[in-house]
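Visitor: File follows, run_29.cif with mmCIF, C-alpha atoms:
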data_protein
loop_
_atom_site.label_atom_id
_atom_site.label_comp_id
_atom_site.auth_asym_id
_atom_site.auth_seq_id
_atom_site.Cartn_x
_atom_site.Cartn_y
_atom_site.Cartn_z
CA MET A 166 74.74 -53.30 9.67
CA LYS A 167 71.74 -51.07 10.15
CA ILE A 168 68.76 -52.09 8.09
CA GLU A 169 66.76 -49.10 6.91
CA VAL A 170 63.03 -49.69 6.86
CA ILE A 171 60.84 -47.40 4.87
CA SER A 172 57.62 -47.94 6.71
CA ASP A 173 55.69 -45.03 5.41
CA LEU A 174 54.64 -44.26 1.86
CA ARG A 175 54.94 -40.57 2.63
CA GLU A 176 58.55 -41.05 3.76
CA SER A 177 59.37 -43.03 0.63
CA ASN A 178 57.83 -40.25 -1.45
CA GLU A 179 60.01 -37.67 0.29
CA LEU A 180 63.17 -39.60 -0.57
CA VAL A 181 62.33 -39.49 -4.28
CA ALA A 182 61.29 -35.83 -4.00
CA LYS A 183 64.82 -35.09 -2.77
CA LYS A 184 66.26 -36.74 -5.87
CA ASN A 185 63.97 -34.58 -8.02
CA ARG A 186 65.12 -31.54 -6.06
CA GLU A 187 68.75 -32.30 -6.90
CA ILE A 188 67.94 -32.59 -10.59
CA PHE A 189 65.91 -29.35 -10.55
CA ASP A 190 68.83 -27.64 -8.78
CA GLN A 191 71.21 -28.80 -11.51
CA MET A 192 68.79 -27.30 -14.04
CA GLY A 193 68.78 -24.09 -12.01
CA ALA A 194 64.99 -24.10 -12.21
CA PHE A 195 62.32 -22.57 -9.99
CA VAL A 196 59.72 -25.35 -9.83
CA THR A 197 56.04 -24.77 -9.14
CA ASN A 198 53.57 -27.52 -8.36
CA LEU A 199 50.31 -26.10 -9.78
CA MET A 200 47.21 -27.48 -8.10
CA SER A 201 43.42 -26.89 -8.11
CA GLY A 202 40.08 -28.63 -8.39
CA PRO A 203 38.97 -29.72 -11.88
CA GLY A 204 38.36 -26.84 -14.26
CA ALA A 205 39.59 -24.03 -12.01
CA GLY A 206 41.94 -22.88 -14.78
CA LYS A 207 45.37 -24.53 -14.45
CA THR A 208 45.89 -25.08 -18.17
CA SER A 209 44.43 -21.69 -19.08
CA LEU A 210 46.89 -20.09 -16.66
CA LEU A 211 49.74 -21.97 -18.32
CA GLU A 212 48.60 -20.73 -21.74
CA ARG A 213 48.53 -17.12 -20.58
CA THR A 214 51.86 -17.53 -18.75
CA LEU A 215 53.66 -19.06 -21.71
CA GLU A 216 52.34 -16.34 -24.03
CA LYS A 217 53.99 -13.76 -21.78
CA LEU A 218 57.23 -15.54 -20.79
CA ARG A 219 58.25 -17.94 -23.54
CA ASN A 220 60.37 -15.36 -25.36
CA GLY A 221 62.55 -14.33 -22.46
CA TYR A 222 62.76 -17.45 -20.33
CA SER A 223 63.63 -21.10 -20.67
CA ILE A 224 60.60 -23.08 -19.50
CA ALA A 225 59.61 -26.75 -19.28
CA ILE A 226 56.19 -28.18 -18.51
CA ILE A 227 55.21 -31.43 -16.83
CA GLU A 228 51.52 -32.25 -17.33
CA GLY A 229 49.70 -34.58 -14.95
CA ASP A 230 46.44 -36.17 -16.06
CA ILE A 231 44.57 -39.31 -15.17
CA ALA A 232 44.28 -40.22 -18.84
CA GLY A 233 44.98 -38.73 -22.25
CA THR A 234 47.14 -35.85 -23.44
CA PHE A 235 44.46 -33.16 -23.69
CA ASP A 236 46.28 -30.46 -21.73
CA ALA A 237 49.67 -31.17 -23.32
CA GLU A 238 48.00 -30.80 -26.74
CA ARG A 239 46.64 -27.38 -25.72
CA LEU A 240 50.20 -26.30 -24.90
CA ALA A 241 51.94 -27.91 -27.90
CA LYS A 242 51.66 -24.65 -29.87
CA PHE A 243 54.31 -23.08 -27.63
CA ASP A 244 56.92 -25.56 -28.85
CA LEU A 245 58.45 -26.04 -25.40
CA PRO A 246 59.61 -29.25 -23.71
CA ILE A 247 56.42 -30.88 -22.35
CA VAL A 248 56.23 -34.27 -20.69
CA GLN A 249 52.82 -35.82 -20.06
CA ILE A 250 52.30 -38.05 -17.03
CA ASN A 251 49.27 -40.34 -17.07
CA THR A 252 48.51 -41.40 -13.51
CA ARG A 253 46.26 -44.28 -14.69
CA GLY A 254 43.53 -43.56 -12.19
CA ALA A 255 45.57 -42.01 -9.38
CA CYS A 256 44.14 -38.69 -8.23
CA HIS A 257 47.45 -36.87 -7.67
CA LEU A 258 51.08 -36.76 -8.75
CA ASP A 259 53.71 -38.28 -6.51
CA ALA A 260 57.46 -37.78 -6.54
CA ASN A 261 58.15 -40.97 -8.44
CA MET A 262 55.86 -40.03 -11.33
CA VAL A 263 57.61 -36.67 -11.53
CA TYR A 264 61.01 -38.41 -11.40
CA GLN A 265 60.06 -40.46 -14.45
CA ALA A 266 58.97 -37.30 -16.24
CA VAL A 267 62.04 -35.25 -15.30
CA SER A 268 64.31 -37.88 -16.84
CA LYS A 269 62.58 -37.23 -20.17
CA LEU A 270 63.31 -33.47 -20.16
CA PRO A 271 66.32 -32.21 -22.14
CA SER A 272 69.36 -31.91 -19.84
CA LYS A 273 69.85 -28.16 -20.01
CA LYS A 274 69.25 -25.09 -17.87
CA PHE A 275 65.67 -24.01 -17.23
CA ASP A 276 64.40 -20.85 -15.53
CA PHE A 277 61.03 -22.37 -14.64
CA VAL A 278 59.60 -25.85 -14.55
CA ILE A 279 55.85 -25.83 -14.07
CA VAL A 280 54.20 -29.07 -13.01
CA GLU A 281 50.45 -29.16 -13.59
CA ASN A 282 48.93 -31.58 -11.11
CA VAL A 283 45.75 -33.64 -11.50
CA GLY A 284 42.56 -31.60 -10.98
CA ASN A 285 41.80 -32.34 -7.33
CA LEU A 286 41.53 -30.00 -4.35
CA VAL A 287 42.44 -32.73 -1.85
CA CYS A 288 45.24 -35.27 -2.39
CA PRO A 289 47.83 -33.40 -4.49
CA ALA A 290 48.56 -31.21 -1.45
CA GLU A 291 49.69 -34.29 0.51
CA PHE A 292 52.61 -35.19 -1.76
CA VAL A 293 55.85 -33.25 -2.20
CA ILE A 294 57.41 -33.72 -5.62
CA GLY A 295 60.62 -31.72 -5.14
CA GLU A 296 59.01 -28.38 -5.93
CA ASP A 297 60.06 -24.93 -4.70
CA ALA A 298 56.49 -23.78 -4.28
CA LYS A 299 52.99 -25.14 -4.38
CA VAL A 300 50.76 -22.69 -6.24
CA MET A 301 47.02 -23.25 -6.12
CA ILE A 302 44.05 -21.86 -7.99
CA LEU A 303 40.62 -21.32 -6.44
CA SER A 304 37.91 -20.49 -8.97
CA THR A 305 35.17 -18.06 -7.98
CA ALA A 306 32.67 -20.51 -9.52
CA GLU A 307 33.62 -23.05 -6.83
CA GLY A 308 32.33 -20.84 -4.03
CA ASP A 309 33.89 -18.88 -1.18
CA ASP A 310 33.35 -21.70 1.32
CA LYS A 311 36.12 -23.87 -0.15
CA PRO A 312 39.09 -22.72 1.99
CA LYS A 313 37.48 -23.95 5.21
CA LYS A 314 36.28 -27.15 3.56
CA TYR A 315 39.60 -28.07 1.91
CA PRO A 316 42.13 -26.44 4.25
CA LEU A 317 45.25 -28.53 3.56
CA MET A 318 45.84 -27.21 0.05
CA PHE A 319 45.56 -23.61 1.27
CA LEU A 320 47.89 -24.42 4.17
CA GLU A 321 50.54 -25.97 1.92
CA SER A 322 50.51 -23.34 -0.84
CA LYS A 323 52.85 -20.38 -1.12
CA LEU A 324 50.46 -18.57 -3.48
CA CYS A 325 46.71 -18.77 -4.03
CA LEU A 326 45.41 -17.40 -7.32
CA ILE A 327 41.70 -16.56 -7.18
CA ASN A 328 40.72 -17.14 -10.82
CA LYS A 329 37.57 -16.34 -12.83
CA ILE A 330 37.28 -12.94 -11.17
CA ASP A 331 35.34 -11.98 -14.34
CA LEU A 332 32.48 -14.21 -13.10
CA LEU A 333 31.93 -12.27 -9.86
CA GLN A 334 28.68 -10.75 -11.17
CA ALA A 335 27.30 -14.18 -12.06
CA VAL A 336 28.32 -16.30 -9.07
CA ASP A 337 28.01 -16.03 -5.29
CA PHE A 338 31.57 -15.45 -4.16
CA ASP A 339 32.58 -13.01 -1.43
CA VAL A 340 36.24 -12.20 -2.16
CA ALA A 341 36.81 -10.63 1.26
CA ARG A 342 35.38 -13.67 3.05
CA ALA A 343 37.50 -16.04 0.96
CA LYS A 344 40.69 -14.05 1.61
CA ASN A 345 40.01 -13.87 5.33
CA ASP A 346 39.43 -17.62 5.52
CA ILE A 347 42.54 -18.36 3.44
CA ARG A 348 44.73 -16.16 5.64
CA GLU A 349 43.24 -17.69 8.78
CA ILE A 350 44.45 -21.08 7.53
CA ASN A 351 47.80 -19.78 6.24
CA PRO A 352 48.84 -16.27 7.35
CA LYS A 353 51.95 -16.30 5.11
CA ILE A 354 50.21 -17.10 1.82
CA ASP A 355 50.27 -14.68 -1.11
CA ILE A 356 46.91 -14.10 -2.82
CA ILE A 357 46.39 -12.64 -6.29
CA GLU A 358 43.02 -12.16 -8.00
CA ILE A 359 43.15 -13.04 -11.70
CA SER A 360 41.06 -13.76 -14.76
CA CYS A 361 42.67 -15.96 -17.39
CA LYS A 362 39.81 -14.84 -19.65
CA THR A 363 40.13 -11.04 -19.42
CA GLY A 364 43.79 -10.93 -18.36
CA GLN A 365 43.06 -9.10 -15.10
CA GLY A 366 45.76 -9.64 -12.51
CA LEU A 367 48.04 -11.70 -14.74
CA ASP A 368 50.82 -9.11 -14.63
CA ALA A 369 50.96 -9.50 -10.85
CA TRP A 370 51.22 -13.28 -11.24
CA ILE A 371 54.02 -12.92 -13.81
CA GLU A 372 55.87 -10.53 -11.47
CA TRP A 373 55.50 -13.05 -8.64
CA LEU A 374 56.96 -15.77 -10.85
CA LYS A 375 59.84 -13.60 -12.12
CA ALA A 376 60.74 -12.60 -8.56
CA HIS A 377 61.37 -16.30 -7.80
CA ILE A 378 63.78 -17.02 -10.68
CA LYS A 379 67.19 -18.19 -9.51
CA LYS A 380 69.44 -15.94 -11.54
CA MET B 162 38.58 -74.88 8.15
CA LYS B 163 38.86 -72.51 5.24
CA ILE B 164 40.61 -69.29 6.07
CA GLU B 165 39.18 -66.33 4.20
CA VAL B 166 41.76 -63.80 3.11
CA ILE B 167 40.64 -60.36 2.12
CA SER B 168 43.57 -59.35 -0.02
CA ASP B 169 42.11 -56.37 -1.72
CA LEU B 170 40.87 -53.17 -0.13
CA ARG B 171 38.28 -52.85 -2.86
CA GLU B 172 36.93 -56.31 -2.04
CA SER B 173 36.76 -55.48 1.65
CA ASN B 174 34.89 -52.29 0.79
CA GLU B 175 32.37 -54.28 -1.25
CA LEU B 176 31.62 -56.56 1.69
CA VAL B 177 30.71 -53.59 3.88
CA ALA B 178 28.74 -52.02 1.02
CA LYS B 179 26.58 -55.17 0.96
CA LYS B 180 25.84 -54.71 4.67
CA ASN B 181 24.83 -51.11 3.97
CA ARG B 182 22.63 -52.34 1.12
CA GLU B 183 20.78 -54.69 3.49
CA ILE B 184 20.14 -51.85 5.92
CA PHE B 185 18.96 -49.53 3.13
CA ASP B 186 16.65 -52.32 1.87
CA GLN B 187 15.15 -52.63 5.34
CA MET B 188 14.53 -48.88 5.28
CA GLY B 189 12.92 -49.27 1.85
CA ALA B 190 15.07 -46.38 0.64
CA PHE B 191 16.31 -45.41 -2.80
CA VAL B 192 19.91 -44.37 -2.11
CA THR B 193 21.87 -41.96 -4.26
CA ASN B 194 25.60 -41.38 -3.96
CA LEU B 195 25.95 -37.74 -5.05
CA MET B 196 29.37 -36.89 -6.45
CA SER B 197 31.14 -33.98 -8.17
CA GLY B 198 34.25 -31.84 -8.10
CA PRO B 199 34.43 -29.12 -5.41
CA GLY B 200 31.84 -26.39 -5.81
CA ALA B 201 29.87 -27.94 -8.67
CA GLY B 202 26.67 -27.63 -6.64
CA LYS B 203 25.99 -30.77 -4.59
CA THR B 204 24.77 -28.96 -1.49
CA SER B 205 22.81 -26.40 -3.53
CA LEU B 206 21.10 -29.29 -5.31
CA LEU B 207 20.21 -30.83 -1.96
CA GLU B 208 18.74 -27.52 -0.77
CA ARG B 209 16.54 -27.23 -3.88
CA THR B 210 15.58 -30.91 -3.69
CA LEU B 211 14.59 -30.79 -0.03
CA GLU B 212 12.52 -27.62 -0.61
CA LYS B 213 10.50 -29.56 -3.19
CA LEU B 214 10.26 -33.01 -1.60
CA ARG B 215 10.44 -32.68 2.16
CA ASN B 216 6.67 -32.37 2.56
CA GLY B 217 5.70 -35.52 0.68
CA TYR B 218 8.59 -37.86 1.29
CA SER B 219 10.63 -39.27 4.11
CA ILE B 220 14.25 -38.33 3.47
CA ALA B 221 17.59 -38.75 5.26
CA ILE B 222 20.90 -37.12 4.39
CA ILE B 223 24.45 -38.35 4.93
CA GLU B 224 27.02 -35.56 4.47
CA GLY B 225 30.62 -36.37 3.62
CA ASP B 226 33.28 -33.72 4.20
CA ILE B 227 36.98 -33.75 4.91
CA ALA B 228 36.49 -31.50 7.90
CA GLY B 229 33.77 -29.47 9.57
CA THR B 230 29.99 -29.50 9.36
CA PHE B 231 29.49 -26.66 6.87
CA ASP B 232 27.18 -28.50 4.47
CA ALA B 233 25.18 -30.15 7.22
CA GLU B 234 24.62 -26.70 8.77
CA ARG B 235 23.29 -25.42 5.43
CA LEU B 236 20.74 -28.24 5.45
CA ALA B 237 19.82 -28.07 9.16
CA LYS B 238 16.88 -25.73 8.40
CA PHE B 239 14.99 -28.63 6.82
CA ASP B 240 14.86 -30.46 10.15
CA LEU B 241 15.53 -33.87 8.62
CA PRO B 242 17.81 -36.65 9.89
CA ILE B 243 21.33 -35.62 8.83
CA VAL B 244 24.52 -37.44 9.74
CA GLN B 245 27.86 -35.76 9.06
CA ILE B 246 30.89 -37.90 8.19
CA ASN B 247 34.32 -36.29 8.56
CA THR B 248 36.81 -38.25 6.48
CA ARG B 249 39.78 -36.63 8.29
CA GLY B 250 41.75 -36.01 5.12
CA ALA B 251 40.46 -38.86 2.95
CA CYS B 252 39.27 -37.64 -0.43
CA HIS B 253 36.24 -39.92 -0.76
CA LEU B 254 33.64 -41.84 1.21
CA ASP B 255 34.03 -45.58 1.56
CA ALA B 256 31.47 -48.17 2.62
CA ASN B 257 32.72 -48.35 6.18
CA MET B 258 32.33 -44.60 6.77
CA VAL B 259 28.78 -44.85 5.42
CA TYR B 260 28.12 -47.88 7.64
CA GLN B 261 29.08 -45.84 10.70
CA ALA B 262 26.75 -43.06 9.55
CA VAL B 263 23.80 -45.32 8.73
CA SER B 264 23.85 -46.75 12.24
CA LYS B 265 23.18 -43.22 13.52
CA LEU B 266 20.02 -42.73 11.41
CA PRO B 267 16.64 -43.35 13.08
CA SER B 268 15.48 -46.92 12.40
CA LYS B 269 12.38 -46.15 10.32
CA LYS B 270 11.27 -46.22 6.69
CA PHE B 271 12.80 -43.71 4.29
CA ASP B 272 11.85 -42.98 0.69
CA PHE B 273 15.24 -41.50 -0.17
CA VAL B 274 18.64 -41.46 1.43
CA ILE B 275 20.98 -39.01 -0.27
CA VAL B 276 24.68 -39.36 0.45
CA GLU B 277 26.72 -36.27 -0.45
CA ASN B 278 30.27 -37.39 -1.19
CA VAL B 279 33.48 -35.36 -0.77
CA GLY B 280 34.03 -32.83 -3.57
CA ASN B 281 36.34 -34.75 -5.90
CA LEU B 282 35.86 -35.79 -9.52
CA VAL B 283 38.20 -38.77 -9.20
CA CYS B 284 38.25 -41.15 -6.23
CA PRO B 285 34.63 -41.22 -5.01
CA ALA B 286 33.70 -43.07 -8.22
CA GLU B 287 35.98 -45.97 -7.25
CA PHE B 288 34.12 -46.90 -4.06
CA VAL B 289 30.68 -48.49 -3.80
CA ILE B 290 28.88 -47.59 -0.58
CA GLY B 291 25.71 -49.71 -1.02
CA GLU B 292 23.94 -47.11 -3.15
CA ASP B 293 21.25 -47.72 -5.78
CA ALA B 294 22.64 -45.06 -8.09
CA LYS B 295 25.63 -42.82 -8.40
CA VAL B 296 24.47 -39.36 -9.45
CA MET B 297 27.09 -36.85 -10.54
CA ILE B 298 27.15 -33.13 -11.20
CA LEU B 299 29.30 -31.45 -13.84
CA SER B 300 29.36 -27.66 -13.61
CA THR B 301 29.55 -25.63 -16.80
CA ALA B 302 32.23 -23.51 -15.10
CA GLU B 303 34.50 -26.58 -15.00
CA GLY B 304 34.64 -26.81 -18.80
CA ASP B 305 33.33 -29.20 -21.44
CA ASP B 306 36.61 -31.14 -21.58
CA LYS B 307 36.06 -32.81 -18.21
CA PRO B 308 34.25 -36.00 -19.33
CA LYS B 309 37.24 -37.19 -21.37
CA LYS B 310 39.68 -36.15 -18.65
CA TYR B 311 37.82 -37.79 -15.74
CA PRO B 312 36.01 -40.66 -17.47
CA LEU B 313 35.47 -43.07 -14.55
CA MET B 314 32.90 -40.94 -12.75
CA PHE B 315 30.87 -40.53 -15.95
CA LEU B 316 31.16 -44.27 -16.60
CA GLU B 317 29.94 -45.21 -13.12
CA SER B 318 27.04 -42.75 -12.88
CA LYS B 319 23.42 -43.46 -13.70
CA LEU B 320 22.64 -39.76 -14.06
CA CYS B 321 24.77 -36.72 -14.90
CA LEU B 322 23.34 -33.34 -13.97
CA ILE B 323 24.95 -30.49 -15.93
CA ASN B 324 24.62 -27.65 -13.41
CA LYS B 325 25.14 -23.86 -13.66
CA ILE B 326 23.44 -23.76 -17.05
CA ASP B 327 22.73 -20.10 -16.17
CA LEU B 328 26.46 -19.39 -16.65
CA LEU B 329 26.53 -20.51 -20.30
CA GLN B 330 26.84 -16.91 -21.52
CA ALA B 331 29.83 -16.27 -19.26
CA VAL B 332 31.86 -19.48 -19.62
CA ASP B 333 33.20 -21.54 -22.52
CA PHE B 334 31.11 -24.69 -22.37
CA ASP B 335 29.72 -26.48 -25.43
CA VAL B 336 26.74 -28.47 -24.11
CA ALA B 337 26.50 -30.61 -27.26
CA ARG B 338 30.18 -31.53 -27.09
CA ALA B 339 29.94 -32.40 -23.40
CA LYS B 340 26.86 -34.58 -23.94
CA ASN B 341 28.48 -36.37 -26.87
CA ASP B 342 31.61 -37.09 -24.87
CA ILE B 343 29.60 -38.25 -21.83
CA ARG B 344 27.49 -40.64 -23.95
CA GLU B 345 30.60 -41.94 -25.68
CA ILE B 346 31.93 -42.97 -22.26
CA ASN B 347 28.57 -44.23 -20.97
CA PRO B 348 25.81 -44.73 -23.57
CA LYS B 349 23.21 -45.60 -20.87
CA ILE B 350 23.63 -42.50 -18.72
CA ASP B 351 20.77 -40.05 -18.22
CA ILE B 352 21.70 -36.37 -18.61
CA ILE B 353 19.69 -33.41 -17.31
CA GLU B 354 20.68 -29.74 -17.64
CA ILE B 355 19.92 -27.75 -14.51
CA SER B 356 20.55 -24.51 -12.70
CA CYS B 357 20.27 -24.62 -8.92
CA LYS B 358 20.28 -20.81 -9.08
CA THR B 359 17.40 -20.16 -11.54
CA GLY B 360 15.60 -23.48 -11.02
CA GLN B 361 15.87 -24.48 -14.67
CA GLY B 362 15.63 -28.24 -15.15
CA LEU B 363 15.01 -29.06 -11.50
CA ASP B 364 11.53 -30.46 -12.20
CA ALA B 365 13.11 -33.03 -14.51
CA TRP B 366 15.57 -34.01 -11.75
CA ILE B 367 12.73 -34.33 -9.22
CA GLU B 368 10.76 -36.51 -11.67
CA TRP B 369 13.84 -38.69 -12.16
CA LEU B 370 14.17 -39.11 -8.41
CA LYS B 371 10.45 -39.83 -7.87
CA ALA B 372 10.50 -42.45 -10.63
CA HIS B 373 13.06 -44.40 -8.61
CA ILE B 374 11.17 -44.54 -5.32
CA LYS B 375 10.48 -48.08 -4.14
CA LYS B 376 6.78 -47.82 -3.38
#
As a first step, turn the structure in this file into structure tokens.
Guide:
Amino acid sequence: MKIEVISDLRESNELVAKKNREIFDQMGAFVTNLMSGPGAGKTSLLERTLEKLRNGYSIAIIEGDIAGTFDAERLAKFDLPIVQINTRGACHLDANMVYQAVSKLPSKKFDFVIVENVGNLVCPAEFVIGEDAKVMILSTAEGDDKPKKYPLMFLESKLCLINKIDLLQAVDFDVARAKNDIREINPKIDIIEISCKTGQGLDAWIEWLKAHIKK
Amino acid sequence: MKIEVISDLRESNELVAKKNREIFDQMGAFVTNLMSGPGAGKTSLLERTLEKLRNGYSIAIIEGDIAGTFDAERLAKFDLPIVQINTRGACHLDANMVYQAVSKLPSKKFDFVIVENVGNLVCPAEFVIGEDAKVMILSTAEGDDKPKKYPLMFLESKLCLINKIDLLQAVDFDVARAKNDIREINPKIDIIEISCKTGQGLDAWIEWLKAHIKK
């Protein structure tokens, strides 16, 4: 008898992520793991996205927060299945937390499942949760030097949304420099400039999302 | 013979933090552990602070980054002792990393040692490094909901600087709400509104820092 030893937390996480993947496949859902630093606009993006898609698509939300249900409360008005994960201090979601949450979703078909990770530009990128795509947000207020300082998240993401484009007049952020640095880290990444406040660029994001639906 | 068992990583960290504390005491330095989410303005604050204090005070800087020497390069113009720590993926500084850095500082008296932590609103608050005070920055661009969502850092800090006050017209940030929430978490915390861009409030920060010098 061969004794399997799971010696690595990362490996153990990947095993659970595969279970999540099977469940998401049964749902038929395209699953995004939405990541960013604190306050870059993850929940605002969800609000704008649900306004535009809730009437044509079946969507579920998994909210990750260290404590509280603040973001889930902001989204309650959309009357969609939302499960809140409280990480109790942990700075990222792992596959097991998402597994617990997925089991609380209604067992039906979904077009999209959007998982909002904890606000952190570092650790969430290290953990697969069974997603189809990591989508990250960089806010112009954070500065154009962030790609080179936090490269892993840019490397792991399929799409980078540059949010708060409306603040360009008020902050020091060179869009061309940021894009060059992002593509140097990850030549295959898609980049879309958006403003959740003014609505700029959101149609391109919605088109990106629709193009990934599995139907 | 009693065998000491260090069963807890946190406990082991505290032992090294005490060693750092002894070294800082020998230096005579007031040591701040400067923390914030990515792009809230830690390095900009250091630039403004060094412009104002470098000619009257003996200062050393320890820079924490995941990779690279970007922040240290921004501060090189001040010609002060700077040691760069690369955490190689870790999302926070711990006492041992700081111990390695301290041993590379010149052995002389310092008025201040400022340690710039990795940009992360979560984990850095969990690790003592031998500091006198944790000082945190909240940027108005991050939103006024952050204190309740990331309470530990506000709880652990002696001072919260609310930076990017110049952006108040362009972002949704209720200063009164943020201050109320911060004081609900930590009634003893000092709060100063600043703008590293316009200079607003920086004199109050400098006064705060001077009041803590050990001489």
Visitor: Could you tell me which residues of chain A sit within 9 Å of chain B when counting all atoms listed in the file, and give me the result as a ChimeraX atom specification?
Guide: /A:202-206,230-235,254-256,284-288,304,306-308,310-311,313-317,331-332,335-336
Visitor: Please identify all polymer residues within 8 Å of Lys323 in chain A, counting all atoms listed in the file, omitting same-chain residues fewer than 5 positions from it, and present them as a ChimeraX atom specification.
Guide: /A:298-300,353-355
Visitor: Take the selection from the previous step and output its residues with C-alpha atoms, as an mmCIF file, in the frame of the given file.
Guide:
data_model
loop_
_atom_site.group_PDB
_atom_site.id
_atom_site.type_symbol
_atom_site.label_atom_id
_atom_site.label_comp_id
_atom_site.auth_asym_id
_atom_site.auth_seq_id
_atom_site.Cartn_x
_atom_site.Cartn_y
_atom_site.Cartn_z
ATOM 1 C CA ALA A 298 56.490 -23.780 -4.280
ATOM 2 C CA LYS A 299 52.990 -25.140 -4.380
ATOM 3 C CA VAL A 300 50.760 -22.690 -6.240
ATOM 4 C CA LYS A 353 51.950 -16.300 5.110
ATOM 5 C CA ILE A 354 50.210 -17.100 1.820
ATOM 6 C CA ASP A 355 50.270 -14.680 -1.110
#
Visitor: Applied to the shown file, which residues does the PyMOL selection byres ((chain B and resi 289) around 9) return, written as an MDAnalysis selection string?
Guide: chainID B and resid 171 174:175 178 194 254:256 285:288 290:292 295
Visitor: Spell out the residues picked by the PyMOL selection byres ((chain B and resi 363) around 12) here, as an MDAnalysis selection string.
Guide: chainID B and resid 205:214 322:326 353:362 364:370
Visitor: Taking (60.9, -16.7, -7.7) as a centre in this file's frame and 10 Å as the limit, can you find every polymer residue with an atom that close, using all atoms listed in the file, and give them as a ChimeraX atom specification?
Guide: /A:194-197,276-277,297-298,371-380
Visitor: Mind giving me the straight-line distance from CA of Thr204 in chain B to CA of Asn181 in chain B in Å, one decimal?
Guide: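 Computing the Euclidean distance for CA of Thr204 in chain B and CA of Asn181 in chain B yields 22.8 Å.
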Visitor: Expand the PyMOL selection byres ((chain A and resi 188) around 12) into the explicit residue set it covers here, and present it as number ranges by chain.
Guide: A: 181-187, 189-196, 263-275, 278, 294-296
Visitor: Would you work out the distance separating CA of Ile343 in chain B from CA of Pro308 in chain B, expressed in Å to one decimal?
Guide: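 That distance, rounded to one decimal, is 5.7 Å.
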